[in-house]
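S.K.: A single structure is presented below for examination.
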Amino acid sequence: MTDRASAPTGASPAIHTVGLAKRYGSQVALAGLTMTVPRGLVFGFLGPNGAGKTTAVKLLLGLARPTSGEGLVLGAPVGDVAVRGRVGYLPELFRYQGWMRAREVLGLHLRLGHQPRPTWAAAIDDALRTVGLAGRGDDRVQTFSKGMQQRLGLAVALIGRPELVVLDEPTSALDPVGRHDVRQVIRRLRDRGTAVFLNSHLLTEVEQVCDRVAVIDRGRVVGEGPLATLLGGGAVRVRCTGLEAGALERLQAFGPASAADGWLAWAGLDHERVPDLVARLVAEGARVYQVDVTQTTLEERFLQLLAPS
Ligand SMILES: Nc1ncnc2c1ncn2[C@@H]1O[C@H](COP(=O)(O)OP(=O)(O)OP(=O)(O)O)[C@@H](O)[C@H]1O
Ligand SMILES: [Mg+2]
């Protein structure tokens, strides 16, 4: 078979799945997920409520068994116990024992990850500092606000320098400052070569931090690619006068143009081509008064992809 999830030559991708599916009785939680998440970048995993995002994450981490299909995480089949220590995970819903100190929660995870004891203190301090909880390590979880508990969850996900970090809604309990901090943490992870798989509803967040995005709906990928490609171009409107006869025909080289009320408009034009368009208009005799450029937002693209066809 050619479409099996076999490890490609060279470094394996962070995640590679072929037809990964999960059913609970007659309920299809994930219909058949086929996607590749490269290493070293931030990958946004988006979809409406119930699309199957958390199910996919659970299958990838071996917390649930697939009904069919295949998947590789860091080159190992999903569920491979040996690979778990190389993957960090922030679950969607989690609660640590209230009586535990933050430092103990982190130490427990280092123990579970078989990290050598002499490295713990430095790793814990590093993780607490990274998520903005430096100085709170000896406090008990029950004294933490919701946002602080989420930061602790993030610290658990990144402690021990995993090669892949899977974050299921990492900013849902955070205030704007906390969200900003999490974006910084995610960028820092990418800078040190860690792949980040980010499951989030917050499209503006995803837009700011992700290099590549997959949109899933009813358990299948309906759009995937580099963020700029997925968004396509934006709309460009130019208010001008004096265009030479026949110029509008020639300007179709920039895509289908429409003209109304003194405005010319192009949809889906790459921003990089806007200066060329303006230069061309001037060369065609136009006097340009105004240029409006609007980029398609991820939310608009998301809604287009999910619109019933
Ligand atoms: N343990 C389970 N038993 C039965 N059905 C389940 C179970 N877990 C998930 N499902 C169903 O699978 C579908 C996908 O659920 P999942 O939690 O993966 O969605 P999600 O994309 O993470 O949604 P949300 O954005 O709300 O977190 C839903 O219809 C859900 O009801
Ligand atoms: Mg979910």
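Here, A, B, ... name the chains of the structure tokens in the order displayed, residue numbers run from 1 inside each chain, and ligands are numbered from 1 in the same displayed order.
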Show me which residues line ligand 1, defined as having an atom within 6 Å of a ligand atom where only C-alpha atoms and all ligand atoms count, and present them as a list in words.

M.R.: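 Answer in the requested format: Tyr24, Gln27, Ala29, Pro48, Asn49, Gly50, Ala51, Gly52, Lys53, Thr54 and Thr55 of chain A.
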
S.K.: What's the 8 Å shell around A:Val83, counting only C-alpha atoms, without same-chain residues fewer than 4 positions away, as a list in words?

M.R.: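 With the cut-off at 8 Å, the set is Val73, Leu74, Ala76 and Val87 of chain A.
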
S.K.: Residues as selected, N, CA and C atoms, written as a compact mmCIF listing (two decimals), in the first residue's frame, can you do that?

M.R.:
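Output file out16.txt follows:
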```txt
# COMPACT_ATOMS: atom_id res chain seq x y z
N VAL A 73 3.71 9.48 15.66
CA VAL A 73 4.09 10.67 16.42
C VAL A 73 5.60 10.57 16.65
N LEU A 74 6.34 11.55 16.16
CA LEU A 74 7.80 11.55 16.21
C LEU A 74 8.35 10.23 15.65
N ALA A 76 7.01 7.26 15.69
CA ALA A 76 6.57 6.02 16.35
C ALA A 76 5.05 5.89 16.23
N VAL A 87 6.97 13.89 24.38
CA VAL A 87 5.82 14.73 23.99
C VAL A 87 5.26 15.40 25.24
```

S.K.: Looking at A:Pro118, A:Pro226, A:Gly232, A:Gly47, which one is nearest to A:Leu306, with distances taken over only C-alpha atoms?

M.R.: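 Looking at the shortest contact to A:Leu306, the residue is A:Gly47.
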
S.K.: Write down as a PyMOL selection string the residues of stretch 60-140 of chain A whose backbone DSSP state falls under helix (DSSP H, G or I).

M.R.: chain A and resi 60+81-84+102-112+117-130

S.K.: With N, CA and C atoms retained, export the selected residues as a compact mmCIF listing (two decimals), in the first residue's frame.

M.R.:
```
# COMPACT_ATOMS: atom_id res chain seq x y z
N LEU A 60 -3.64 10.63 19.22
CA LEU A 60 -2.22 10.87 18.97
C LEU A 60 -1.38 10.57 20.20
N VAL A 81 4.53 3.71 23.98
CA VAL A 81 4.81 4.23 25.31
C VAL A 81 6.16 4.97 25.35
N ALA A 82 7.13 4.45 24.60
CA ALA A 82 8.48 5.03 24.65
C ALA A 82 8.50 6.48 24.18
N VAL A 83 7.55 6.85 23.32
CA VAL A 83 7.58 8.20 22.74
C VAL A 83 6.92 9.22 23.66
N ARG A 84 6.18 8.73 24.64
CA ARG A 84 5.41 9.66 25.50
C ARG A 84 6.30 10.66 26.24
N ALA A 102 3.11 23.55 43.45
CA ALA A 102 3.38 23.61 42.01
C ALA A 102 4.64 22.81 41.68
N ARG A 103 5.65 22.98 42.52
CA ARG A 103 6.92 22.29 42.32
C ARG A 103 6.74 20.76 42.35
N GLU A 104 5.83 20.29 43.22
CA GLU A 104 5.58 18.84 43.32
C GLU A 104 4.87 18.32 42.07
N VAL A 105 3.94 19.13 41.56
CA VAL A 105 3.23 18.73 40.33
C VAL A 105 4.24 18.53 39.21
N LEU A 106 5.15 19.48 39.09
CA LEU A 106 6.15 19.42 38.02
C LEU A 106 7.12 18.26 38.25
N GLY A 107 7.52 18.07 39.52
CA GLY A 107 8.43 16.96 39.85
C GLY A 107 7.80 15.61 39.53
N LEU A 108 6.49 15.50 39.80
CA LEU A 108 5.78 14.26 39.51
C LEU A 108 5.87 13.93 38.02
N HIS A 109 5.69 14.96 37.19
CA HIS A 109 5.74 14.73 35.75
C HIS A 109 7.15 14.40 35.28
N LEU A 110 8.14 14.98 35.93
CA LEU A 110 9.52 14.63 35.56
C LEU A 110 9.80 13.17 35.95
N ARG A 111 9.24 12.76 37.09
CA ARG A 111 9.43 11.37 37.52
C ARG A 111 8.75 10.43 36.52
N LEU A 112 7.51 10.80 36.13
CA LEU A 112 6.78 9.96 35.16
C LEU A 112 7.53 9.91 33.83
N ARG A 117 16.92 12.61 38.43
CA ARG A 117 16.58 13.46 39.58
C ARG A 117 17.45 14.72 39.71
N PRO A 118 18.77 14.62 39.50
CA PRO A 118 19.59 15.83 39.68
C PRO A 118 19.21 16.97 38.75
N THR A 119 18.46 16.68 37.68
CA THR A 119 18.10 17.74 36.73
C THR A 119 16.79 18.43 37.11
N TRP A 120 16.08 17.89 38.08
CA TRP A 120 14.73 18.36 38.36
C TRP A 120 14.65 19.84 38.76
N ALA A 121 15.51 20.20 39.75
CA ALA A 121 15.37 21.55 40.32
C ALA A 121 15.52 22.61 39.23
N ALA A 122 16.53 22.45 38.39
CA ALA A 122 16.76 23.45 37.33
C ALA A 122 15.61 23.42 36.32
N ALA A 123 15.13 22.21 35.98
CA ALA A 123 14.05 22.09 34.99
C ALA A 123 12.77 22.73 35.53
N ILE A 124 12.51 22.53 36.82
CA ILE A 124 11.29 23.10 37.43
C ILE A 124 11.38 24.63 37.45
N ASP A 125 12.53 25.15 37.87
CA ASP A 125 12.69 26.61 37.90
C ASP A 125 12.54 27.19 36.50
N ASP A 126 13.12 26.51 35.52
CA ASP A 126 13.06 26.97 34.14
C ASP A 126 11.59 27.01 33.66
N ALA A 127 10.85 25.94 33.95
CA ALA A 127 9.45 25.85 33.50
C ALA A 127 8.59 26.92 34.19
N LEU A 128 8.80 27.09 35.52
CA LEU A 128 8.00 28.08 36.26
C LEU A 128 8.28 29.49 35.72
N ARG A 129 9.55 29.76 35.46
CA ARG A 129 9.93 31.07 34.94
C ARG A 129 9.31 31.29 33.56
N THR A 130 9.35 30.26 32.72
CA THR A 130 8.85 30.38 31.35
C THR A 130 7.37 30.75 31.33
```

S.K.: Excluding A:Pro162 and residues on its chain fewer than 3 positions from it, collect all residues at most 9 Å away from it, counting only C-alpha atoms, and give them as a list in words.

M.R.: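 After dropping sequence-adjacent residues, the list is Gly85, Arg86, Val87, Gly88, Ala157, Leu158, Ile159, Val165, Thr194 and Ala195 of chain A.
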
S.K.: Would you export the selected residues with N, CA and C atoms as a PDB file, in the first residue's frame, please?

M.R.:
```
ATOM      1  N   GLY A  85       7.468  10.207  26.632  1.00  0.00           N
ATOM      2  CA  GLY A  85       8.383  11.088  27.361  1.00  0.00           C
ATOM      3  C   GLY A  85       8.939  12.201  26.500  1.00  0.00           C
ATOM      4  N   ARG A  86       8.750  12.093  25.177  1.00  0.00           N
ATOM      5  CA  ARG A  86       9.271  13.120  24.260  1.00  0.00           C
ATOM      6  C   ARG A  86       8.171  14.082  23.822  1.00  0.00           C
ATOM      7  N   VAL A  87       6.967  13.890  24.380  1.00  0.00           N
ATOM      8  CA  VAL A  87       5.824  14.727  23.993  1.00  0.00           C
ATOM      9  C   VAL A  87       5.256  15.405  25.239  1.00  0.00           C
ATOM     10  N   GLY A  88       5.071  16.710  25.175  1.00  0.00           N
ATOM     11  CA  GLY A  88       4.432  17.427  26.281  1.00  0.00           C
ATOM     12  C   GLY A  88       2.965  17.633  25.945  1.00  0.00           C
ATOM     13  N   ALA A 157       3.373  20.877  30.441  1.00  0.00           N
ATOM     14  CA  ALA A 157       3.492  20.466  29.031  1.00  0.00           C
ATOM     15  C   ALA A 157       4.891  20.700  28.483  1.00  0.00           C
ATOM     16  N   LEU A 158       5.583  21.722  28.974  1.00  0.00           N
ATOM     17  CA  LEU A 158       6.867  22.024  28.347  1.00  0.00           C
ATOM     18  C   LEU A 158       8.072  21.597  29.177  1.00  0.00           C
ATOM     19  N   ILE A 159       7.814  21.089  30.390  1.00  0.00           N
ATOM     20  CA  ILE A 159       8.955  20.699  31.215  1.00  0.00           C
ATOM     21  C   ILE A 159       9.654  19.455  30.630  1.00  0.00           C
ATOM     22  N   VAL A 165       5.036  19.548  21.575  1.00  0.00           N
ATOM     23  CA  VAL A 165       4.134  19.967  22.651  1.00  0.00           C
ATOM     24  C   VAL A 165       2.727  20.079  22.072  1.00  0.00           C
ATOM     25  N   THR A 194      11.152  23.150  18.981  1.00  0.00           N
ATOM     26  CA  THR A 194      10.062  22.271  19.405  1.00  0.00           C
ATOM     27  C   THR A 194       8.864  22.466  18.480  1.00  0.00           C
ATOM     28  N   ALA A 195       8.256  21.374  18.062  1.00  0.00           N
ATOM     29  CA  ALA A 195       7.015  21.468  17.286  1.00  0.00           C
ATOM     30  C   ALA A 195       5.856  21.702  18.257  1.00  0.00           C
TER      31      ALA A 195
END
```

S.K.: Please provide the set of residues having any atom within 10 Å of A:Gln149, restricted to only C-alpha atoms, with same-chain residues fewer than 2 positions apart removed, written as an mmCIF file with N, CA and C atoms, in the first residue's frame.

M.R.:
```cif
data_model
loop_
_atom_site.group_PDB
_atom_site.id
_atom_site.type_symbol
_atom_site.label_atom_id
_atom_site.label_comp_id
_atom_site.auth_asym_id
_atom_site.auth_seq_id
_atom_site.Cartn_x
_atom_site.Cartn_y
_atom_site.Cartn_z
ATOM 1 N N PHE A 94 -8.280 19.702 32.949
ATOM 2 C CA PHE A 94 -7.368 19.044 33.884
ATOM 3 C C PHE A 94 -7.513 19.695 35.247
ATOM 4 N N ARG A 95 -7.161 18.968 36.263
ATOM 5 C CA ARG A 95 -7.173 19.515 37.627
ATOM 6 C C ARG A 95 -6.123 18.779 38.428
ATOM 7 N N TYR A 96 -5.201 19.512 38.985
ATOM 8 C CA TYR A 96 -4.197 18.862 39.829
ATOM 9 C C TYR A 96 -4.706 18.863 41.263
ATOM 10 N N ALA A 102 3.107 23.550 43.446
ATOM 11 C CA ALA A 102 3.381 23.609 42.006
ATOM 12 C C ALA A 102 4.639 22.808 41.676
ATOM 13 N N LEU A 133 5.405 31.921 36.511
ATOM 14 C CA LEU A 133 5.066 31.516 37.884
ATOM 15 C C LEU A 133 6.309 31.448 38.780
ATOM 16 N N VAL A 141 -1.561 24.257 44.778
ATOM 17 C CA VAL A 141 -2.415 24.476 43.603
ATOM 18 C C VAL A 141 -3.735 25.150 44.009
ATOM 19 N N GLN A 142 -4.274 24.778 45.211
ATOM 20 C CA GLN A 142 -5.580 25.321 45.612
ATOM 21 C C GLN A 142 -5.533 26.835 45.876
ATOM 22 N N THR A 143 -4.336 27.388 45.985
ATOM 23 C CA THR A 143 -4.240 28.838 46.194
ATOM 24 C C THR A 143 -4.090 29.568 44.853
ATOM 25 N N PHE A 144 -4.073 28.827 43.733
ATOM 26 C CA PHE A 144 -3.890 29.433 42.420
ATOM 27 C C PHE A 144 -5.226 29.817 41.795
ATOM 28 N N SER A 145 -5.251 30.935 41.084
ATOM 29 C CA SER A 145 -6.435 31.291 40.293
ATOM 30 C C SER A 145 -6.506 30.346 39.096
ATOM 31 N N LYS A 146 -7.651 30.415 38.392
ATOM 32 C CA LYS A 146 -7.845 29.541 37.228
ATOM 33 C C LYS A 146 -6.735 29.755 36.195
ATOM 34 N N GLY A 147 -6.434 31.031 35.961
ATOM 35 C CA GLY A 147 -5.401 31.348 34.973
ATOM 36 C C GLY A 147 -4.032 30.846 35.409
ATOM 37 N N ARG A 151 -1.507 28.185 33.612
ATOM 38 C CA ARG A 151 -0.066 28.397 33.397
ATOM 39 C C ARG A 151 0.723 27.201 33.927
ATOM 40 N N LEU A 152 0.264 26.670 35.072
ATOM 41 C CA LEU A 152 0.947 25.491 35.621
ATOM 42 C C LEU A 152 0.795 24.308 34.651
ATOM 43 N N GLY A 153 -0.392 24.180 34.067
ATOM 44 C CA GLY A 153 -0.613 23.117 33.071
ATOM 45 C C GLY A 153 0.333 23.268 31.890
ATOM 46 N N LEU A 154 0.551 24.505 31.512
ATOM 47 C CA LEU A 154 1.469 24.777 30.400
ATOM 48 C C LEU A 154 2.905 24.410 30.805
ATOM 49 N N ALA A 155 3.243 24.719 32.059
ATOM 50 C CA ALA A 155 4.584 24.371 32.553
ATOM 51 C C ALA A 155 4.780 22.851 32.522
ATOM 52 N N ALA A 173 -8.552 30.012 29.857
ATOM 53 C CA ALA A 173 -8.819 30.645 31.159
ATOM 54 C C ALA A 173 -7.969 31.900 31.377
ATOM 55 N N LEU A 174 -7.303 32.343 30.354
ATOM 56 C CA LEU A 174 -6.332 33.417 30.578
ATOM 57 C C LEU A 174 -6.858 34.794 30.198
#
```

S.K.: What is the atom CA of A:Leu61-atom CA of A:Leu227 distance in Å, reported with one decimal?

M.R.: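 Atom-to-atom, atom CA of A:Leu61 and atom CA of A:Leu227 are spaced 25.1 Å apart.
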
S.K.: In Å, with one decimal, what is the gap from atom CA of A:Arg280 to atom CA of A:Gln295?

M.R.: 21.2 Å

S.K.: By how many Å are atom CA of A:Asp276 and atom CA of A:Val291 apart?

M.R.: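 Distance between the two atoms: 12.6 Å.
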
S.K.: Using only C-alpha atoms, which residues sit within 10 Å of A:Val288 once same-chain residues fewer than 5 positions away are excluded, as an mmCIF file with C-alpha atoms, in the first residue's frame?

M.R.:
```cif
data_model
loop_
_atom_site.group_PDB
_atom_site.id
_atom_site.type_symbol
_atom_site.label_atom_id
_atom_site.label_comp_id
_atom_site.auth_asym_id
_atom_site.auth_seq_id
_atom_site.Cartn_x
_atom_site.Cartn_y
_atom_site.Cartn_z
ATOM 1 C CA VAL A 238 -8.755 51.638 -5.815
ATOM 2 C CA ARG A 239 -10.458 55.008 -6.306
ATOM 3 C CA CYS A 240 -9.089 56.560 -9.482
ATOM 4 C CA THR A 241 -9.996 58.574 -12.546
ATOM 5 C CA GLY A 242 -8.662 58.928 -16.089
ATOM 6 C CA LEU A 243 -8.026 55.318 -17.051
ATOM 7 C CA VAL A 278 -0.869 50.778 -8.568
ATOM 8 C CA ALA A 279 2.152 51.281 -10.855
ATOM 9 C CA LEU A 281 -2.797 51.900 -13.093
ATOM 10 C CA VAL A 282 -0.615 54.994 -13.246
#
```

S.K.: For A:Thr17, which of A:Trp99, A:Ala134, A:Arg220, A:Gln208 is the closest residue, counting only C-alpha atoms?

M.R.: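 Nearest candidate to A:Thr17 out of A:Trp99, A:Ala134, A:Arg220, A:Gln208: A:Arg220.
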
S.K.: For stretch 34-38 of chain A, please output as a ChimeraX atom specification all residues within 10 Å (counting only C-alpha atoms; exclusion window: fewer than 3 positions along the same chain).

M.R.: /A:3,5,11-21,31,41-44,69-74,195-197,212-214,219-221,224

S.K.: Restricted to N, CA and C atoms, what would the selected residues look like written as a JSON list (two decimals), in the first residue's frame?

M.R.:
```
[["chain", "number", "residue", "atom", "x", "y", "z"],
["A", 3, "ASP", "N", -0.38, 4.41, 0.73],
["A", 3, "ASP", "CA", -0.87, 5.48, 1.61],
["A", 3, "ASP", "C", -0.77, 5.13, 3.08],
["A", 5, "ALA", "N", 0.76, 4.93, 6.81],
["A", 5, "ALA", "CA", 1.51, 5.93, 7.59],
["A", 5, "ALA", "C", 2.89, 5.38, 7.90],
["A", 11, "ALA", "N", 14.42, 12.90, 8.90],
["A", 11, "ALA", "CA", 13.72, 13.14, 10.16],
["A", 11, "ALA", "C", 12.23, 12.93, 9.94],
["A", 12, "SER", "N", 11.61, 12.18, 10.83],
["A", 12, "SER", "CA", 10.18, 11.95, 10.70],
["A", 12, "SER", "C", 9.45, 13.23, 11.07],
["A", 13, "PRO", "N", 8.26, 13.45, 10.46],
["A", 13, "PRO", "CA", 7.50, 14.63, 10.87],
["A", 13, "PRO", "C", 7.06, 14.50, 12.33],
["A", 14, "ALA", "N", 6.63, 15.61, 12.91],
["A", 14, "ALA", "CA", 6.16, 15.56, 14.30],
["A", 14, "ALA", "C", 4.96, 14.62, 14.39],
["A", 15, "ILE", "N", 4.03, 14.78, 13.43],
["A", 15, "ILE", "CA", 2.81, 13.95, 13.41],
["A", 15, "ILE", "C", 2.51, 13.61, 11.96],
["A", 16, "HIS", "N", 2.09, 12.37, 11.74],
["A", 16, "HIS", "CA", 1.67, 11.97, 10.40],
["A", 16, "HIS", "C", 0.53, 10.97, 10.57],
["A", 17, "THR", "N", -0.63, 11.26, 10.01],
["A", 17, "THR", "CA", -1.76, 10.33, 10.16],
["A", 17, "THR", "C", -2.36, 10.02, 8.80],
["A", 18, "VAL", "N", -2.89, 8.83, 8.68],
["A", 18, "VAL", "CA", -3.62, 8.42, 7.47],
["A", 18, "VAL", "C", -4.93, 7.77, 7.90],
["A", 19, "GLY", "N", -6.02, 8.43, 7.61],
["A", 19, "GLY", "CA", -7.35, 7.87, 7.87],
["A", 19, "GLY", "C", -7.59, 7.52, 9.34],
["A", 20, "LEU", "N", -6.98, 8.28, 10.23],
["A", 20, "LEU", "CA", -7.13, 7.98, 11.66],
["A", 20, "LEU", "C", -8.58, 8.24, 12.08],
["A", 21, "ALA", "N", -9.22, 7.24, 12.65],
["A", 21, "ALA", "CA", -10.65, 7.36, 12.93],
["A", 21, "ALA", "C", -10.99, 6.77, 14.30],
["A", 31, "ALA", "N", -13.77, 11.03, 11.77],
["A", 31, "ALA", "CA", -14.16, 10.22, 10.60],
["A", 31, "ALA", "C", -12.97, 9.62, 9.88],
["A", 41, "LEU", "N", 7.67, 23.81, 13.81],
["A", 41, "LEU", "CA", 6.80, 24.97, 13.63],
["A", 41, "LEU", "C", 5.53, 24.85, 14.47],
["A", 42, "VAL", "N", 4.77, 25.94, 14.47],
["A", 42, "VAL", "CA", 3.54, 25.95, 15.26],
["A", 42, "VAL", "C", 2.38, 25.63, 14.33],
["A", 43, "PHE", "N", 1.67, 24.56, 14.65],
["A", 43, "PHE", "CA", 0.61, 24.05, 13.79],
["A", 43, "PHE", "C", -0.73, 24.26, 14.50],
["A", 44, "GLY", "N", -1.61, 25.02, 13.89],
["A", 44, "GLY", "CA", -2.93, 25.28, 14.48],
["A", 44, "GLY", "C", -3.93, 24.23, 14.02],
["A", 69, "GLY", "N", -7.35, 3.24, 10.85],
["A", 69, "GLY", "CA", -6.37, 4.23, 10.41],
["A", 69, "GLY", "C", -5.07, 4.10, 11.16],
["A", 70, "GLU", "N", -4.15, 4.95, 10.78],
["A", 70, "GLU", "CA", -2.82, 4.86, 11.36],
["A", 70, "GLU", "C", -2.27, 6.24, 11.67],
["A", 71, "GLY", "N", -1.35, 6.30, 12.60],
["A", 71, "GLY", "CA", -0.70, 7.57, 12.90],
["A", 71, "GLY", "C", 0.68, 7.35, 13.48],
["A", 72, "LEU", "N", 1.56, 8.29, 13.17],
["A", 72, "LEU", "CA", 2.91, 8.26, 13.73],
["A", 72, "LEU", "C", 3.13, 9.57, 14.47],
["A", 73, "VAL", "N", 3.71, 9.48, 15.66],
["A", 73, "VAL", "CA", 4.09, 10.67, 16.42],
["A", 73, "VAL", "C", 5.60, 10.57, 16.65],
["A", 74, "LEU", "N", 6.34, 11.55, 16.16],
["A", 74, "LEU", "CA", 7.80, 11.55, 16.21],
["A", 74, "LEU", "C", 8.35, 10.23, 15.65],
["A", 195, "ALA", "N", 8.26, 21.37, 18.06],
["A", 195, "ALA", "CA", 7.01, 21.47, 17.29],
["A", 195, "ALA", "C", 5.86, 21.70, 18.26],
["A", 196, "VAL", "N", 4.95, 22.61, 17.91],
["A", 196, "VAL", "CA", 3.80, 22.89, 18.77],
["A", 196, "VAL", "C", 2.53, 22.60, 17.99],
["A", 197, "PHE", "N", 1.69, 21.74, 18.57],
["A", 197, "PHE", "CA", 0.39, 21.40, 17.97],
["A", 197, "PHE", "C", -0.65, 22.11, 18.83],
["A", 212, "ARG", "N", 1.28, 27.19, 10.28],
["A", 212, "ARG", "CA", 0.50, 26.31, 9.42],
["A", 212, "ARG", "C", -0.78, 25.95, 10.15],
["A", 213, "VAL", "N", -1.84, 25.71, 9.40],
["A", 213, "VAL", "CA", -3.14, 25.51, 10.03],
["A", 213, "VAL", "C", -3.89, 24.38, 9.32],
["A", 214, "ALA", "N", -4.60, 23.56, 10.10],
["A", 214, "ALA", "CA", -5.56, 22.62, 9.51],
["A", 214, "ALA", "C", -6.92, 22.93, 10.11],
["A", 219, "GLY", "N", -14.74, 15.60, 11.67],
["A", 219, "GLY", "CA", -13.70, 14.58, 11.69],
["A", 219, "GLY", "C", -12.81, 14.49, 10.47],
["A", 220, "ARG", "N", -12.96, 15.45, 9.54],
["A", 220, "ARG", "CA", -12.10, 15.43, 8.34],
["A", 220, "ARG", "C", -11.46, 16.78, 8.14],
["A", 221, "VAL", "N", -10.27, 16.77, 7.49],
["A", 221, "VAL", "CA", -9.60, 18.02, 7.18],
["A", 221, "VAL", "C", -10.30, 18.69, 6.00],
["A", 224, "GLU", "N", -6.09, 23.02, 4.72],
["A", 224, "GLU", "CA", -4.80, 22.84, 5.41],
["A", 224, "GLU", "C", -3.73, 23.56, 4.61]]
```

S.K.: Which is closest to ligand 2 among A:Ser68, A:Leu189, A:Ile216, A:Arg136, if we use only C-alpha atoms and all ligand atoms?

M.R.: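 Selected residue with least distance to ligand 2: A:Ile216.
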
S.K.: Within 10 Å of A:Gly268, counting only C-alpha atoms, which residues show up once you throw out same-chain ones fewer than 2 positions away? Write them as a ChimeraX atom specification, please.

M.R.: /A:231-236,254-256,266,270-271,294-296

S.K.: Pick the closest to A:Pro91 from A:Ser200, A:Gly137, A:His114, A:Arg179: which is it, counting only C-alpha atoms?

M.R.: A:Ser200
